[in-house]
Every structure is written in structure tokens, then in C-alpha cells.
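Novice: Got a file for you: coords.csv, CSV, C-alpha atoms.
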```
chain,number,residue,atom,x,y,z
A,1,MET,CA,-10.7,8.2,-24.2
A,2,ALA,CA,-11.0,11.7,-22.9
A,3,LYS,CA,-8.2,14.1,-23.6
A,4,TYR,CA,-5.6,13.9,-20.9
A,5,ARG,CA,-4.7,16.9,-18.7
A,6,HIS,CA,-2.7,17.1,-15.5
A,7,ASN,CA,-4.6,16.1,-12.3
A,8,PRO,CA,-4.0,18.8,-9.7
A,9,PHE,CA,-4.9,16.2,-7.0
A,10,ASP,CA,-2.2,13.7,-8.1
A,11,LYS,CA,0.4,13.1,-5.5
A,12,SER,CA,4.1,12.3,-5.5
A,13,ASP,CA,5.0,8.7,-4.8
A,14,TRP,CA,8.1,9.5,-2.6
A,15,ILE,CA,6.3,8.4,0.6
A,16,ALA,CA,5.5,5.0,-0.9
A,17,GLU,CA,9.0,4.5,-2.2
A,18,LYS,CA,10.6,5.4,1.2
A,19,TYR,CA,8.2,3.1,3.0
A,20,ALA,CA,8.9,0.3,0.5
A,21,ARG,CA,12.7,0.7,1.2
A,22,GLN,CA,12.1,0.3,4.9
A,23,LEU,CA,9.9,-2.8,4.5
A,24,ARG,CA,12.4,-4.4,2.1
A,25,GLN,CA,15.1,-4.2,4.8
A,26,LEU,CA,12.9,-6.5,6.8
A,27,GLY,CA,13.1,-9.0,3.9
A,28,THR,CA,16.8,-8.9,4.2
A,29,GLU,CA,16.8,-9.7,7.9
A,30,ILE,CA,14.2,-12.5,7.3
A,31,GLN,CA,16.5,-13.9,4.6
A,32,ARG,CA,19.4,-14.0,7.1
A,33,ILE,CA,17.2,-15.8,9.7
A,34,VAL,CA,16.1,-18.4,7.2
A,35,LYS,CA,19.6,-19.0,5.8
A,36,SER,CA,21.0,-19.5,9.3
A,37,HIS,CA,18.9,-22.7,9.8
A,38,ASP,CA,18.4,-26.0,8.1
A,39,PRO,CA,14.7,-26.1,7.4
A,40,LEU,CA,14.9,-29.6,6.0
A,41,THR,CA,15.4,-31.1,9.4
A,42,ILE,CA,12.6,-30.9,12.0
A,43,SER,CA,14.9,-29.3,14.7
A,44,GLY,CA,16.2,-26.8,12.1
A,45,LEU,CA,12.7,-25.9,11.0
A,46,GLU,CA,11.5,-25.5,14.6
A,47,ALA,CA,14.5,-23.3,15.4
A,48,MET,CA,13.9,-21.2,12.4
A,49,GLN,CA,10.3,-20.7,13.3
A,50,ARG,CA,11.2,-19.7,16.9
A,51,ALA,CA,13.7,-17.1,15.5
A,52,LEU,CA,11.0,-15.7,13.1
A,53,ASP,CA,8.5,-15.5,15.9
A,54,SER,CA,11.0,-13.7,18.1
A,55,TYR,CA,11.7,-11.3,15.2
A,56,THR,CA,7.9,-10.6,14.9
A,57,ASP,CA,7.8,-9.6,18.6
A,58,ILE,CA,10.7,-7.3,18.2
A,59,LEU,CA,9.1,-5.8,15.1
A,60,LYS,CA,5.8,-4.7,16.6
A,61,PRO,CA,7.0,-1.5,18.4
A,62,TRP,CA,9.0,-0.5,15.2
A,63,ALA,CA,5.9,-1.2,13.1
A,64,ILE,CA,3.7,1.1,15.2
A,65,ARG,CA,6.3,3.9,15.1
A,66,THR,CA,6.9,3.5,11.3
A,67,ALA,CA,3.2,3.3,10.5
A,68,LYS,CA,2.4,6.4,12.5
A,69,ASN,CA,5.2,8.3,10.8
A,70,VAL,CA,4.0,7.3,7.3
A,71,ALA,CA,0.4,8.1,8.2
A,72,GLU,CA,1.5,11.6,9.3
A,73,LYS,CA,3.3,12.2,6.0
A,74,ILE,CA,0.3,11.0,4.0
A,75,ASP,CA,-2.0,13.4,5.8
A,76,ILE,CA,0.4,16.3,5.4
A,77,GLN,CA,0.8,15.5,1.7
A,78,ASP,CA,-2.9,15.3,1.1
A,79,TYR,CA,-3.6,18.6,2.9
A,80,ALA,CA,-0.8,20.3,1.0
A,81,THR,CA,-2.4,19.1,-2.3
A,82,TRP,CA,-5.7,20.6,-1.2
A,83,ASN,CA,-4.0,23.8,0.0
A,84,LYS,CA,-2.6,24.3,-3.5
A,85,ARG,CA,-6.1,24.4,-4.8
A,86,SER,CA,-7.1,27.1,-2.3
A,87,VAL,CA,-7.7,29.6,-5.1
A,88,ASP,CA,-10.2,27.2,-6.7
A,89,ILE,CA,-12.0,26.2,-3.5
A,90,GLY,CA,-12.2,29.5,-1.7
A,91,ARG,CA,-11.4,30.5,1.8
A,92,ASN,CA,-14.6,29.0,3.4
A,93,LEU,CA,-14.0,25.6,1.8
A,94,LYS,CA,-10.3,25.7,2.7
A,95,ASP,CA,-11.3,26.1,6.4
A,96,VAL,CA,-13.7,23.1,6.1
A,97,ILE,CA,-10.8,21.0,4.7
A,98,LYS,CA,-8.5,22.1,7.4
A,99,ALA,CA,-11.0,21.1,10.1
A,100,THR,CA,-12.0,17.7,8.5
A,101,PRO,CA,-11.0,15.0,10.9
A,102,ALA,CA,-8.7,12.4,9.4
A,103,GLY,CA,-8.0,10.5,12.6
A,104,GLU,CA,-10.2,7.5,11.8
A,105,GLN,CA,-8.7,6.9,8.4
A,106,MET,CA,-5.2,7.3,9.9
A,107,ARG,CA,-5.9,4.9,12.8
A,108,ASP,CA,-7.2,2.4,10.3
A,109,PHE,CA,-4.0,2.8,8.2
A,110,VAL,CA,-1.7,2.3,11.2
A,111,GLU,CA,-3.6,-0.9,12.3
A,112,ARG,CA,-3.4,-2.3,8.8
A,113,GLN,CA,0.4,-1.6,8.5
A,114,VAL,CA,1.2,-3.2,11.9
A,115,HIS,CA,-0.7,-6.3,10.7
A,116,TYR,CA,1.1,-6.4,7.4
A,117,ILE,CA,4.5,-5.7,8.8
A,118,THR,CA,4.3,-8.3,11.6
A,119,SER,CA,2.9,-10.8,9.1
A,120,LEU,CA,6.1,-10.7,6.9
A,121,PRO,CA,8.2,-13.1,9.1
A,122,ARG,CA,5.2,-15.2,10.0
A,123,ASP,CA,4.4,-15.7,6.3
A,124,ALA,CA,8.0,-16.4,5.6
A,125,GLY,CA,7.9,-19.3,8.1
A,126,ILE,CA,4.7,-20.7,6.7
A,127,ARG,CA,6.3,-20.6,3.2
A,128,ALA,CA,9.4,-22.4,4.4
A,129,GLN,CA,7.4,-25.0,6.2
A,130,ALA,CA,5.2,-25.8,3.2
A,131,LEU,CA,8.3,-26.2,1.0
A,132,ALA,CA,10.0,-28.4,3.6
A,133,ILE,CA,7.0,-30.7,3.7
A,134,GLU,CA,7.3,-31.1,-0.1
A,135,ALA,CA,10.9,-32.2,0.3
A,136,ARG,CA,10.0,-34.8,3.0
A,137,THR,CA,7.0,-36.2,1.1
A,138,GLY,CA,9.0,-36.5,-2.1
A,139,GLY,CA,7.2,-33.7,-4.0
A,140,LYS,CA,10.5,-32.0,-4.8
A,141,ARG,CA,14.2,-32.8,-4.6
A,142,PRO,CA,15.9,-31.4,-1.5
A,143,ASP,CA,18.2,-29.2,-3.5
A,144,GLU,CA,15.3,-27.6,-5.4
A,145,VAL,CA,13.5,-27.0,-2.1
A,146,MET,CA,16.5,-25.4,-0.5
A,147,LYS,CA,16.8,-23.1,-3.5
A,148,GLU,CA,13.2,-22.0,-3.2
A,149,ILE,CA,13.4,-21.6,0.6
A,150,TYR,CA,16.5,-19.4,0.2
A,151,ARG,CA,14.4,-17.2,-2.1
A,152,THR,CA,12.2,-16.3,0.9
A,153,GLY,CA,13.9,-12.9,1.3
A,154,GLU,CA,13.4,-12.1,-2.3
A,155,VAL,CA,9.7,-13.0,-2.1
A,156,THR,CA,9.3,-11.0,1.1
A,157,ARG,CA,11.0,-7.9,-0.4
A,158,SER,CA,8.7,-8.1,-3.4
A,159,ARG,CA,5.6,-8.4,-1.2
A,160,ALA,CA,6.9,-5.5,0.9
A,161,THR,CA,7.1,-3.3,-2.1
A,162,LEU,CA,3.5,-4.2,-3.1
A,163,ILE,CA,2.3,-3.5,0.4
A,164,ALA,CA,3.9,-0.1,0.6
A,165,ARG,CA,2.7,1.1,-2.8
A,166,THR,CA,-0.8,-0.2,-2.3
A,167,GLU,CA,-1.3,1.0,1.2
A,168,VAL,CA,0.1,4.5,0.7
A,169,ALA,CA,-2.0,5.0,-2.4
A,170,ARG,CA,-5.1,3.7,-0.7
A,171,ALA,CA,-4.7,5.9,2.3
A,172,GLY,CA,-4.0,9.0,0.2
A,173,SER,CA,-7.1,8.3,-2.0
A,174,VAL,CA,-9.3,7.8,1.0
A,175,LEU,CA,-8.1,11.0,2.6
A,176,THR,CA,-8.8,12.9,-0.6
A,177,GLN,CA,-12.3,11.4,-0.8
A,178,THR,CA,-13.0,12.3,2.8
A,179,ARG,CA,-12.0,15.9,2.4
A,180,ALA,CA,-13.8,16.2,-0.9
A,181,GLN,CA,-17.1,15.0,0.7
A,182,ALA,CA,-16.6,17.4,3.6
A,183,ILE,CA,-16.8,20.4,1.3
A,184,GLY,CA,-19.8,19.0,-0.5
A,185,ALA,CA,-18.1,17.5,-3.6
A,186,THR,CA,-20.1,14.7,-5.1
A,187,HIS,CA,-18.1,13.6,-8.2
A,188,TYR,CA,-14.5,13.2,-9.4
A,189,ILE,CA,-12.8,12.4,-12.7
A,190,TRP,CA,-10.8,9.1,-12.9
A,191,ARG,CA,-7.2,9.8,-13.9
A,192,THR,CA,-4.6,7.2,-14.6
A,193,SER,CA,-0.8,7.5,-14.7
A,194,ARG,CA,-1.0,7.1,-18.5
A,195,ASP,CA,1.8,4.6,-19.0
A,196,LYS,CA,2.1,1.0,-20.2
A,197,SER,CA,1.7,-0.4,-16.7
A,198,VAL,CA,-1.9,0.8,-16.3
A,199,ARG,CA,-4.3,-2.1,-16.2
A,200,HIS,CA,-6.7,-2.2,-19.2
A,201,SER,CA,-9.8,-1.9,-17.1
A,202,HIS,CA,-8.3,1.2,-15.4
A,203,ALA,CA,-7.1,2.7,-18.7
A,204,GLN,CA,-10.7,2.5,-19.8
A,205,MET,CA,-11.7,4.7,-16.9
A,206,GLU,CA,-9.5,7.6,-17.9
A,207,GLY,CA,-11.6,10.8,-18.0
A,208,VAL,CA,-14.7,9.1,-16.7
A,209,VAL,CA,-16.8,11.0,-14.2
A,210,CYS,CA,-17.6,8.9,-11.1
A,211,GLU,CA,-19.6,9.4,-7.8
A,212,LEU,CA,-17.7,9.8,-4.6
A,213,ASP,CA,-20.3,7.9,-2.7
A,214,HIS,CA,-20.3,4.9,-4.9
A,215,ALA,CA,-17.2,3.2,-6.3
A,216,PRO,CA,-17.6,2.3,-10.0
A,217,THR,CA,-17.5,-1.3,-11.2
A,218,LEU,CA,-14.7,-1.7,-13.8
A,219,SER,CA,-14.8,-3.9,-16.9
A,220,ASP,CA,-12.7,-6.6,-15.0
A,221,GLY,CA,-15.5,-6.9,-12.4
A,222,THR,CA,-13.7,-5.1,-9.6
A,223,THR,CA,-15.5,-2.3,-7.7
A,224,THR,CA,-13.1,0.4,-6.6
A,225,HIS,CA,-12.2,4.1,-6.5
A,226,PRO,CA,-8.9,5.0,-8.0
A,227,GLY,CA,-5.9,4.2,-5.8
A,228,GLN,CA,-7.9,2.0,-3.5
A,229,ILE,CA,-7.1,-1.4,-4.9
A,230,TYR,CA,-3.8,-3.3,-4.9
A,231,ASN,CA,-0.9,-1.6,-6.9
A,232,CYS,CA,-3.2,1.0,-8.4
A,233,ARG,CA,-1.6,4.3,-9.3
A,234,CYS,CA,-4.7,6.0,-10.5
A,235,SER,CA,-6.1,9.1,-8.8
A,236,MET,CA,-9.2,11.2,-8.3
A,237,GLU,CA,-9.5,14.6,-9.9
A,238,ILE,CA,-12.1,16.2,-7.6
A,239,ILE,CA,-14.8,18.2,-9.2
A,240,VAL,CA,-14.9,21.1,-6.7
A,241,PRO,CA,-18.5,22.4,-6.1
A,242,ASP,CA,-19.3,26.1,-6.8
A,243,LEU,CA,-20.3,27.6,-3.5
```
Take the structure in this file and express it as C-alpha cells.
Specialist:
Amino acid sequence: MAKYRHNPFDKSDWIAEKYARQLRQLGTEIQRIVKSHDPLTISGLEAMQRALDSYTDILKPWAIRTAKNVAEKIDIQDYATWNKRSVDIGRNLKDVIKATPAGEQMRDFVERQVHYITSLPRDAGIRAQALAIEARTGGKRPDEVMKEIYRTGEVTRSRATLIARTEVARAGSVLTQTRAQAIGATHYIWRTSRDKSVRHSHAQMEGVVCELDHAPTLSDGTTTHPGQIYNCRCSMEIIVPDL
């Protein structure tokens, strides 16, 4: 493994953590809705689904506002990271980075977040329905099913954390890639977070030089740039061209 050194393009995870807290609050409300109904009866299950559908409708405007706010913060953070490298990249390249359009990437991010956010109550309803069917068909005892159904909020909060961390990292990585390509960079060095949680296939990539135009295929068979796959905390160290 290549000798580790700090990656100047690494970013703070405060945006992802704040976004995760916001999404976990939705899990708490979903839990309240689920627990206020009896999903083991048909009428109770239908009432619960109506309540979750109604919550989905209420969520959409909030989802759009929140996603746009997060997208703006990601863009500002990425530009600030590049700005700190202004001595290395020179004035001309700094102007190119400033002018690089990030609108398409940010619109894609917002659309994805609205989809993920509004899917949380819908998926909670699907999960509760599937468990209720198990109780009615004798697959599980009713008390076991109710215990699992009442874990819906916990499951939702866990998924919310994964969404926030994955999506913020992905958007930040894509922005870094876009700006790097705009200044003519062609390669980067794969950097990991260097802790016990790093996946083995990602740890093997530490220090490896990769092409910006072609994501590498890792030993586990996945093809991805750092930060652009679920729960990945790796990052690109851009090799700035000499111009």
C-alpha cells in the first residue's frame, strides 16, 4: 500500500451528518403513524397506508427545499476545497473552476433526494403490509409481527442515515470530478479514510492512480470512482495538470 498522506481534496462530513439528522426525524414521524394504527386488521392497515400516503404528499415541498439547500452547501464546500488549492492550480485554472457549470449535477442530486425522501413513508407501508400478510398466513406469530412492524421507525432511520451519507459523498465526488475535468486533469489518486470501516476492496485502492474518464473495477467486482457508491467515504486526490 502506498504511503499515506493527507488528501487536500478531502471534505468534511458535516453536511452529510446534518442531512442525516433531518432524514432521521422523518423516521420518528413514520414510527408515530405506524404505531397509531393496528396493521393486523384490514381496516387498520388501510388507515395506516392512507396516513403514510398523506404524509408523503406533505413531505414533497419540504423534500425539494431541503434537497436544494443541501445541494447548495455541497457546491459551496467543493468550490471552497478547490479554492484552497489556488496556489497549486494558478489563477487561470481557478477562473475555469469558478466558471464550471454545476447545475446539471445539482439538479440530478435534488431529483434523487426528492425521490428518496418521499419513498421513506411508502417503503414503510410496504414493509408493514408484508409483515401483516405473514401474520395472517401463519408465517409468524402476531406478537412477533407487531414487534417487527413497530421497528419500522428504526429501520427507516437507519436507511435515512445511509441515504444521507451516500448521496452527499456521491454529489461531492461528482462535483470534484467535473471541475477536475474542466481544468484538463485526467487522473487522480484514490484515497481512503484509513480506518477499520474501509471495505477491503477499497483499502486495496489506497494510493492507486486512476483515470477520471473511466471508473476502476475493484477486486469485489464493483466499478466506481471513490465516494460514488453506497456508504463510501473514499475520495479523489486530483492530480492537477501543469499548465
Novice: Quote the spacing between atom CA of Ala51 of chain A and atom CA of Ala124 of chain A in Å to one decimal place.
Specialist: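 Atom CA of Ala124 of chain A lies at a distance of 11.4 Å from atom CA of Ala51 of chain A.
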Novice: Give the answer as one residue: which of A:Lys68, A:His225, A:Arg159, A:Arg191 has the shortest atom-to-atom distance to Met106 of chain A, using all atoms listed in the file?
Specialist: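 Looking only at the distances to Met106 of chain A, the closest residue turns out to be A:Lys68.
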Novice: Measuring atom to atom with all atoms listed in the file, identify which of A:Ile126, A:Met146, A:Ile15, A:Ile64 is nearest to His37 of chain A.
Specialist: A:Met146
Novice: Which residues, written as a PyMOL selection string, have at least one atom at most 9 Å from segment 172-181 of chain A, with all atoms listed in the file counted and residues fewer than 5 positions away on the same chain left out?
Specialist: chain A and resi 9+11+74-75+77-79+82+96-98+100-102+105-106+167+186-187+212-213+225-228+235-236+238-240
Novice: Skipping near chain neighbours, those fewer than 2 positions away, what residues fall within 12 Å of Ser36 of chain A using only C-alpha atoms, listed as a list in words?
Specialist: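 Counting only C-alpha atoms, the residues come to Glu29, Ile30, Gln31, Arg32, Ile33, Val34, Asp38, Pro39, Gly44, Leu45, Ala47, Met48, Gln49, Ala51, Leu52, Ile149 and Tyr150 of chain A.
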Novice: Leaving out Ala203 of chain A and any residue of its chain fewer than 6 positions from it, which residues lie within 10 Å of it when counting only C-alpha atoms, given as a PyMOL selection string?
Specialist: chain A and resi 1+190-197+234
Novice: How far is it from atom CA of Ala16 of chain A to atom CA of Tyr55 of chain A, in Å with one decimal?
Specialist: 23.7 Å
